[in-house]
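Here is the structure we will look at, set down as structure tokens.
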Amino acid sequence: MTALAVSLGSVALIGSAAGSAVADSSAALPISSSGDIIVDGVHRRVFISDPYAGKVVATDYDGTVIGTITSLPQADGLELSADSATVYVAVPGADEIVAVDTATLTKTGQYATGDGTDPQHLAFAGGKLWFGYGGVGHGNIGSLDLSGGQPQVSLAQEAEGTWKDAPLLDSTPGAPDTLAAGSRQYYFTLGIYDVSSGTAGRTAFLGGQDAAIGNTAEDLALTPDGTELVVATTTGDYQQVYRTSDLSETIRYPSGYWAQRSVDVAPDGLVAVGTDTHAYFNLPHVSVYKPGGTTPRRTANFTDEVGGVAQQTLLDHGDLAFAPDSSRLFAVTHGFNNKYSLRVVTEPGKAATTVTVNAPETAVRAKSLTVSGKVTNTLGLPEGSTVAVTRTDLESPNGKALPAATVKADGTYSFTDTPPAGSKVTYKVSYAGGADRTAASASDTVEVSRTSPTLTVNKNGNVYDYASNVTFTAHLGTTYKSRTLSLYADTAGDGKGKYLVKTGTVNSAGDLSVTLPLKRDTTVSASFPGDSRTAPKTASSWVGAKVKVSLSLSRHYKTATVSGHTKYYFRKTTNPLLTTTMTAYPSRAQKLEFQIYSGGAWRSAGYNYFNLDSTGKSVVQLGGTHQTGYSMRVRSSYINNSSNDSVNSTTHGSWKYFTFTS
């Protein structure tokens with residue numbers, strides 16, 4: 001209870017548009033180094049060895065990791081069995097070759113190659129698994145025969161001193177008895193072997209200090225028929241090709257950068273060459289050639305984006321591999337932060353097509369507009385090429401085919417259209433591609449005009465008693481098709497924000513109504529979503545809600561009706577109790593206001609605010625010296641904002657009249 005003192009004459013109160021269908025992609029790899037990469041086309045899996053971590057990671061064609069084979073110290077070279085059932089891993093740290101089931105990703109065999117052999121590179125030829133082995137300054141070629149009951153290892157297939165490191169190896173099903181070898185660490189050295197007899201019989205050799213060709217062979221790959229060997233070297237801005245019959249050079253595939261790192265040849269003859277070029281030079285990491293071609297069909301430049309800035313990545317040796325059907329080219333790259341990624345180039349044998357579309361930013365509905373663009377391809381386009389055109393709008397959300405547009409000799413095209421619907425209209429232009437060219441598409445959007453409808457909500461600015469049921473009516477004017485409105489309420493202080501109270505179709509007069517019980521100030525809004533010819537529209541109405549408020553006086557000794565009012569009489573020795581009951585709200589206060597009748601008028605005698613309890617009650621005791629003979633009155637009020645909140649409209653309670661007597 002709050003005390004309040006009164007004296008004569010005063011009251012003392014105490015108290016918040018260009019695009020392509022070539023879907024190249026990139027995925028992070030959980031590796032810290034890369035040794036070799038091989039692709040299993042049957043299970044659609046990619047295997048990457050990690051020598052530093054001693055493991056092999058298996059991913060799907062999108063780069064999603066599906067398994068890891070661990071405990072493979074210094075895991076390096078990989079080779080796939082002809083039936084794709086097994087991938088073999090060279091494990092120099094354990095002097096063995098490990099077999100892994102490609103379906104279950106479990107180890108199925110371990111084959112020791114001999115203490116200190118350090119097997120590093122693998123290739124199947126002549127019915128055996130061949131491996132390049134050895135350390136710094138010495139190397140050789142060995143074989144693992146798995147055809148009998150017991151695995152048989154045969155070492156030293158070459159004369160001592162021929163290889164100064166573990167030689168790279170490659171083979172191809174098209175020449176099953178041919179084995180190619182090359183040195184990665186010393187003077188440029190290549191060797192071709194016939195393994196049909198079960199041993200490696202050298203048929204061609206190139207290299208040593210007298211070769212004076214490049215520096216080292218970073219990677220090598222046989223063509224599908226085995227007649228040529230493509231070699232990546234550390235010098236020269238090209239990849240060299242040699243006849244396997246005598247290792248004489250035939251052609252060169254230009255790469256644009258001097259550090260050649262990787263090469264792979266697909267079963268259909270596609271040749272992919274890779275460099276560790278810097279992104280700053282705007283040169284491709286990978287170029288893909290048709291057999292014997294000197295102009296790449298596809299190029300790819302791999303960068304990582306760090307803080308919105310393109311950062312260069314590097315392509316190490318042996319980090320390229322085609323899918324067996326040539327549908328994809330996989331590359332392993334890493335940035336200077338040593339983060340590795342698997343890059344996937346789709347349709348690598350096709351020249352990449354780019355389509356541009358240029359449409360006006362705005363247009364008038366039902367008026368003609370012109371869309372233009374260009375189709376570019378490094379091979380150019382066949383005469384009479386066309387592009388498909390699709391228009392997507394509110395009346396054709398799934399797209400409507402328009403007449404095809406003919407592409408001119410310079411690759412440009414244009415067409416006209418009269419959009420029947422307004423809002424965003426998208427024109428998509430698609431080039432179908434072909435055997436040598438990728439498909440591509442792009443789109444552009446036009447903002448097409450719509451008429452603006454009339455929309456109103458009544459009752460704006462009205463104030464109602466607490467808990468009044470108020471009917472709001474939204475009126476919608478003329479539209480094209482849609483006659484649906486959504487009505488929302490936003491009630492002050494409930495923390496819900498705007499919420500849906502009704503959705504429906506307006507009546508024949510264009511009206512939609514909803515009745516709400518108002519306990520707090522409320523904004524009612526109507527939303528028209530628009531249609532293909534009529535723009536969206538919103539309208540709102542704010543209404544106020546009063547609070548419930550009552551004031552009772554107690555400790556009086558009598559009441560009487562004076563001038564139509566009930567008047568309370570108190571002895572001057574009595575301190576009246578003033579009890580206010582008001583609609584509750586956290587921290588709400590009521591205004592207690594006094595007036596005294598003097599000089600023929602009611603005059604202010606002061607006021608103060610008193611906090612309500614959680615039930616909305618406030619009890620004030622009127623203390624002090626009470627003088628007799630004066631007519632007084634008091635009322636309780638809620639004052640928006642001044643009563644510590646603003647969720648209701650200002651509400652004054654009725655005056656209570658009283659006086660003191662002897």
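By convention in this document, the chains of the structure tokens carry letters A, B, ... by their order, each chain's residues are numbered from 1, and ligands are numbered from 1 in the order they are shown.
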Near-Tyr638 in chain A list (6 Å; only C-alpha atoms; drop same-chain fewer than 2 positions) as a PDB file with C-alpha atoms, in the first residue's frame:
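Produced file result17.pdb, reproduced below:
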```pdb
ATOM      1  CA  GLN A 590      -1.533   4.104 -13.246  1.00  0.00           C
ATOM      2  CA  THR A 650      -4.943   6.399 -23.249  1.00  0.00           C
ATOM      3  CA  THR A 651      -7.886   5.567 -20.998  1.00  0.00           C
TER       4      THR A 651
END
```
Write out as a VMD selection string the residues lying within 7 Å of Val425 in chain A, counting only C-alpha atoms and excluding same-chain residues fewer than 5 positions away. chain A and resid 391 to 393 445 to 448
Selection from above, N, CA, C and O atoms, as a JSON list (two decimals), in the first residue's frame, can you write it?
```json
[["chain", "number", "residue", "atom", "x", "y", "z"],
["A", 391, "ARG", "N", 10.03, -18.79, -72.37],
["A", 391, "ARG", "CA", 9.59, -17.66, -71.56],
["A", 391, "ARG", "C", 8.88, -18.19, -70.32],
["A", 391, "ARG", "O", 7.96, -19.01, -70.41],
["A", 392, "THR", "N", 9.32, -17.72, -69.16],
["A", 392, "THR", "CA", 8.69, -18.10, -67.90],
["A", 392, "THR", "C", 8.09, -16.86, -67.25],
["A", 392, "THR", "O", 8.80, -15.86, -67.06],
["A", 393, "ASP", "N", 6.80, -16.92, -66.93],
["A", 393, "ASP", "CA", 6.13, -15.79, -66.30],
["A", 393, "ASP", "C", 5.02, -16.31, -65.40],
["A", 393, "ASP", "O", 4.88, -17.52, -65.19],
["A", 445, "THR", "N", 16.17, -11.46, -67.18],
["A", 445, "THR", "CA", 14.85, -11.17, -66.66],
["A", 445, "THR", "C", 14.43, -9.75, -66.98],
["A", 445, "THR", "O", 15.23, -8.82, -66.90],
["A", 446, "VAL", "N", 13.17, -9.59, -67.33],
["A", 446, "VAL", "CA", 12.58, -8.29, -67.64],
["A", 446, "VAL", "C", 11.49, -8.01, -66.60],
["A", 446, "VAL", "O", 10.69, -8.89, -66.28],
["A", 447, "GLU", "N", 11.47, -6.80, -66.08],
["A", 447, "GLU", "CA", 10.38, -6.40, -65.19],
["A", 447, "GLU", "C", 9.30, -5.77, -66.05],
["A", 447, "GLU", "O", 9.46, -4.66, -66.58],
["A", 448, "VAL", "N", 8.19, -6.50, -66.20],
["A", 448, "VAL", "CA", 7.11, -6.06, -67.08],
["A", 448, "VAL", "C", 6.02, -5.41, -66.23],
["A", 448, "VAL", "O", 5.64, -5.92, -65.17]]
```
Using only C-alpha atoms, which residues sit within 8 Å of Arg365 in chain A once same-chain residues fewer than 6 positions away are excluded, as a list of chain:residue names?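 My reading of the contact set: A:Thr418, A:Pro419, A:Pro420, A:Ala421, A:Gly422, A:Val448, A:Ser449, A:Arg450, A:Arg533.
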Written selection (N, CA and C atoms) as an mmCIF file, in the first residue's frame:
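Result went into again_37.cif, see below:
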```
data_model
loop_
_atom_site.group_PDB
_atom_site.id
_atom_site.type_symbol
_atom_site.label_atom_id
_atom_site.label_comp_id
_atom_site.auth_asym_id
_atom_site.auth_seq_id
_atom_site.Cartn_x
_atom_site.Cartn_y
_atom_site.Cartn_z
ATOM 1 N N THR A 418 6.089 -10.512 -77.318
ATOM 2 C CA THR A 418 5.120 -9.627 -76.668
ATOM 3 C C THR A 418 4.663 -10.312 -75.393
ATOM 4 N N PRO A 419 5.180 -9.906 -74.255
ATOM 5 C CA PRO A 419 4.848 -10.599 -73.008
ATOM 6 C C PRO A 419 3.388 -10.386 -72.622
ATOM 7 N N PRO A 420 2.627 -11.465 -72.424
ATOM 8 C CA PRO A 420 1.213 -11.320 -72.052
ATOM 9 C C PRO A 420 1.011 -11.054 -70.563
ATOM 10 N N ALA A 421 2.029 -11.348 -69.751
ATOM 11 C CA ALA A 421 1.917 -11.204 -68.296
ATOM 12 C C ALA A 421 2.938 -10.199 -67.787
ATOM 13 N N GLY A 422 2.594 -9.580 -66.663
ATOM 14 C CA GLY A 422 3.515 -8.638 -66.052
ATOM 15 C C GLY A 422 4.359 -9.294 -64.979
ATOM 16 N N VAL A 448 8.191 -6.497 -66.200
ATOM 17 C CA VAL A 448 7.107 -6.060 -67.079
ATOM 18 C C VAL A 448 6.016 -5.409 -66.230
ATOM 19 N N SER A 449 5.506 -4.296 -66.709
ATOM 20 C CA SER A 449 4.577 -3.484 -65.924
ATOM 21 C C SER A 449 3.251 -4.202 -65.672
ATOM 22 N N ARG A 450 2.607 -3.813 -64.518
ATOM 23 C CA ARG A 450 1.258 -4.271 -64.181
ATOM 24 C C ARG A 450 0.476 -3.084 -63.612
ATOM 25 N N ARG A 533 -1.484 -9.564 -64.383
ATOM 26 C CA ARG A 533 -1.644 -8.222 -64.953
ATOM 27 C C ARG A 533 -1.869 -7.142 -63.892
#
```
Between CA of Thr523 in chain A and CA of Ala589 in chain A lies a distance of 24.0 Å
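Proximity of A:Val273, A:Ala266, A:Val65, A:Ala125 to Leu315 in chain A, computed with only C-alpha atoms, is greatest for A:Val273.
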